[in-house]
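Enquirer: This is the structure I want to talk about, given as structure tokens.
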Amino acid sequence: MERHIKLLIVTPTMAGGGAERVASIWANGLAERHQMYILNFYPVNKEYELSEKVVHNYLYESENRYRGEWGFQKIARLRAYLHQLNPDVVIPLVTYVGILVHISSIGGKIRVIETIRNNPFVSPGGKLMRFLRNRSVAVSKGCIFQNQDQMRYFPQKVQKKALILANPVGEAFLCANHWEKNQKVILTVGRLESQKNHVMLIDAFEVFYKKHKDWRLEIYGDGTEKEHLQRKIQKAGLQHCIEIFERTEEIILKYESATIFVLSSDYEGMPNALMEAMAVGAPCISTDCPTGPGDLIHSGRNGFLVETGNAGELAAKMEILAEHRDMRELFSQKAKETMAGYREPVILSQLESYIGKIADL
């Protein structure tokens, strides 16, 4: 992509989940050669850091103002912004943002590249939202998937205009190194939502803990399931060895020092936390859920995959890793080797080339 392109990425906010982290990486990388804009619906605390070369705008000055307007008012405001900015390409991240951008750009000449960042077979859950998502993907100029499984959901017409692009892994994670310390900590990182199935992880740890009384489970994240999970921990009498923490800016240190990292999700898009943990070199166990973990972990070689929802199998694999340091060291080494192919420059080069093709349509 030789010519300068005016590119807009739209996300609800610039804090919280994997989509926002990816948006910051894409924007910072592409801003070195192109006019880069990010639009959020409203400002929040602890936003991902953006380059000075990225123009960062908000549709509303506060969340209250955003929540206080009807859907058609939001569409009108977004439509006016798109008309004024007149970008060459717009990339919305998160399903409902893509739908809003699609509706707001009807009748215009804006080239939209949709993104699928979760398992399209189950997310979004409602039939109407899924229909609108499918429609916005169908009429877009292009679509970015994270893996083959996501793309297979859509018809050939969509697949022909699509790009499969894995999430990039920040250099800071790849430069970090896991180190064995007698902390005996099992770590998980992710939103506290039912999709992540922390309930199953707690059940697995309860079984594991019967033989390993000196181990701890640390859960980092925020979400609607927090109180439910805390009640479950208390009911099991495990509050002394299971603790839930808010998101931390020192997450690399947590990956470095954790003895084992676990992802217990029922479904994913491409799990950033698992990718980051593997990049640091943490020995990993993940459910073999759709979609993503199976692309990253070759079970028994660079980590373990377990059946989705199977607490007993997860507990057994946690026990194997806890008792075999040599296996942890092997998984650590092989995981870092696997993630070398997900470096930011490699991913950004593929993204830039694809955007150039869409901009020239």
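Each chain of the structure tokens is named A, B, ... in the order shown, its residues numbered from 1; ligands are numbered from 1 in display order.
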I'd like the contact shell of A:Pro120 - 12 Å cut-off, only C-alpha atoms, skipping same-chain residues fewer than 5 positions apart - returned as a PyMOL selection string.

Expert: chain A and resi 94-95+115+125-127+129-131+133-134+137+145-154+267-270+290-291

Enquirer: Using C-alpha atoms, can you write the selected residues to a file as a short mmCIF file (atom, residue, chain, number, x, y, z; two decimals), in the first residue's frame?

Expert:
data_model
loop_
_atom_site.label_atom_id
_atom_site.label_comp_id
_atom_site.auth_asym_id
_atom_site.auth_seq_id
_atom_site.Cartn_x
_atom_site.Cartn_y
_atom_site.Cartn_z
CA VAL A 94 -17.30 -5.50 17.58
CA THR A 95 -20.49 -6.79 15.96
CA THR A 115 -14.43 -7.85 11.25
CA GLY A 125 -26.94 -14.82 20.37
CA GLY A 126 -30.13 -13.17 19.10
CA LYS A 127 -31.52 -14.08 15.67
CA MET A 129 -28.62 -9.34 15.58
CA ARG A 130 -27.18 -12.32 13.75
CA PHE A 131 -29.25 -11.50 10.67
CA ARG A 133 -24.47 -8.97 11.26
CA ASN A 134 -24.69 -11.34 8.31
CA VAL A 137 -20.82 -8.57 6.29
CA PHE A 145 -11.55 -13.17 10.06
CA GLN A 146 -9.19 -14.49 12.69
CA ASN A 147 -9.18 -18.10 11.51
CA GLN A 148 -10.63 -20.58 8.99
CA ASP A 149 -13.39 -21.80 11.31
CA GLN A 150 -14.92 -18.32 11.49
CA MET A 151 -14.80 -17.88 7.72
CA ARG A 152 -16.52 -21.22 7.03
CA TYR A 153 -19.72 -19.88 8.59
CA PHE A 154 -20.18 -17.44 5.70
CA TYR A 267 -16.06 -20.36 22.71
CA GLU A 268 -13.67 -17.69 21.49
CA GLY A 269 -12.69 -15.71 18.43
CA MET A 270 -8.93 -15.78 18.75
CA PRO A 290 -14.37 -23.02 18.81
CA THR A 291 -12.58 -20.96 17.61
#

Enquirer: Among stretch 124-331 of chain A, which residues carry a DSSP assignment of strand (DSSP E or B), reported as a ChimeraX atom specification?

Expert: /A:142-145,162-164,169,185-189,216-220,242-245,260-263,284-287,304-306

Enquirer: Counting only C-alpha atoms, figure out which residue out of A:Glu225, A:Glu171, A:Asp214, A:Glu206 gets nearest to A:Leu192.

Expert: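 For A:Leu192, the nearest of the candidates is A:Glu225.
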
Enquirer: When you look at A:Phe304 with a cut-off of 10 Å (counting only C-alpha atoms), what residues show up, excluding the ones that are within fewer than 5 positions of it in the same chain? I need them as a PyMOL selection string.

Expert: chain A and resi 262+283-288+293-294+297-299+314+317-318+321+331

Enquirer: Can you write just those residues out, N, CA and C atoms, as a CSV table (one decimal), in the first residue's frame?

Expert:
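Output file result.csv follows:
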chain,number,residue,atom,x,y,z
A,262,VAL,N,-4.3,-20.9,32.3
A,262,VAL,CA,-5.5,-21.7,31.9
A,262,VAL,C,-6.5,-20.8,31.2
A,283,PRO,N,3.5,-22.0,30.6
A,283,PRO,CA,2.9,-23.3,30.2
A,283,PRO,C,1.4,-23.2,30.2
A,284,CYS,N,0.7,-23.6,29.1
A,284,CYS,CA,-0.7,-23.3,29.0
A,284,CYS,C,-1.6,-24.5,28.8
A,285,ILE,N,-2.8,-24.4,29.4
A,285,ILE,CA,-3.8,-25.4,29.1
A,285,ILE,C,-5.1,-24.6,28.7
A,286,SER,N,-5.7,-25.1,27.6
A,286,SER,CA,-6.9,-24.4,27.1
A,286,SER,C,-8.0,-25.4,26.7
A,287,THR,N,-9.2,-25.0,26.9
A,287,THR,CA,-10.3,-25.8,26.3
A,287,THR,C,-10.1,-25.8,24.8
A,288,ASP,N,-10.5,-26.9,24.1
A,288,ASP,CA,-10.4,-27.0,22.7
A,288,ASP,C,-11.7,-26.4,22.1
A,293,PRO,N,-8.2,-21.7,20.0
A,293,PRO,CA,-7.1,-22.4,20.7
A,293,PRO,C,-6.5,-23.6,19.9
A,294,GLY,N,-7.3,-24.2,19.1
A,294,GLY,CA,-6.8,-25.3,18.3
A,294,GLY,C,-5.8,-24.9,17.2
A,297,ILE,N,-2.5,-24.2,19.9
A,297,ILE,CA,-1.9,-25.3,20.7
A,297,ILE,C,-2.0,-26.6,20.0
A,298,HIS,N,-0.8,-27.3,19.9
A,298,HIS,CA,-0.8,-28.7,19.5
A,298,HIS,C,-0.6,-29.5,20.8
A,299,SER,N,-1.7,-30.1,21.2
A,299,SER,CA,-1.8,-30.7,22.5
A,299,SER,C,-0.7,-31.7,22.8
A,314,LEU,N,-9.7,-31.1,32.8
A,314,LEU,CA,-8.9,-29.9,33.1
A,314,LEU,C,-8.1,-30.1,34.4
A,317,LYS,N,-5.1,-32.4,33.8
A,317,LYS,CA,-4.0,-31.8,33.1
A,317,LYS,C,-3.3,-30.8,33.9
A,318,MET,N,-4.0,-30.1,34.8
A,318,MET,CA,-3.4,-29.2,35.7
A,318,MET,C,-2.5,-29.9,36.7
A,321,LEU,N,0.8,-31.0,34.8
A,321,LEU,CA,1.8,-29.9,34.7
A,321,LEU,C,2.3,-29.5,36.1
A,331,PHE,N,6.9,-27.0,27.3
A,331,PHE,CA,5.7,-26.2,26.8
A,331,PHE,C,6.1,-24.7,26.7

Enquirer: Please identify all polymer residues within 9 Å of A:Ser62, counting only C-alpha atoms, omitting same-chain residues fewer than 3 positions from it, and present them as a compact mmCIF listing (two decimals) with C-alpha atoms, in the first residue's frame.

Expert:
# COMPACT_ATOMS: atom_id res chain seq x y z
CA PHE A 41 -18.56 6.21 21.30
CA TYR A 42 -17.42 7.81 24.57
CA PRO A 43 -14.27 8.17 26.72
CA VAL A 44 -13.46 5.79 29.57
CA TYR A 58 -15.40 10.52 20.47
CA LEU A 59 -18.99 10.48 19.23
CA ARG A 65 -24.92 11.17 26.87
CA TYR A 66 -24.45 8.08 24.71
CA ARG A 67 -26.91 6.03 26.78

Enquirer: If you run DSSP on the backbone here, which positions in stretch 23-63 of chain A get helix (DSSP H, G or I)? Please write them as a list in words.

Expert: Ala23, Ser24, Ile25, Trp26, Ala27, Asn28, Gly29, Leu30 and Glu63 of chain A

Enquirer: Which is closest to A:Arg79 among A:Ala311, A:Val97, A:Ile106, A:Cys289, if we use only C-alpha atoms?

Expert: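 The shortest atom-to-atom distance to A:Arg79 comes from A:Ile106.
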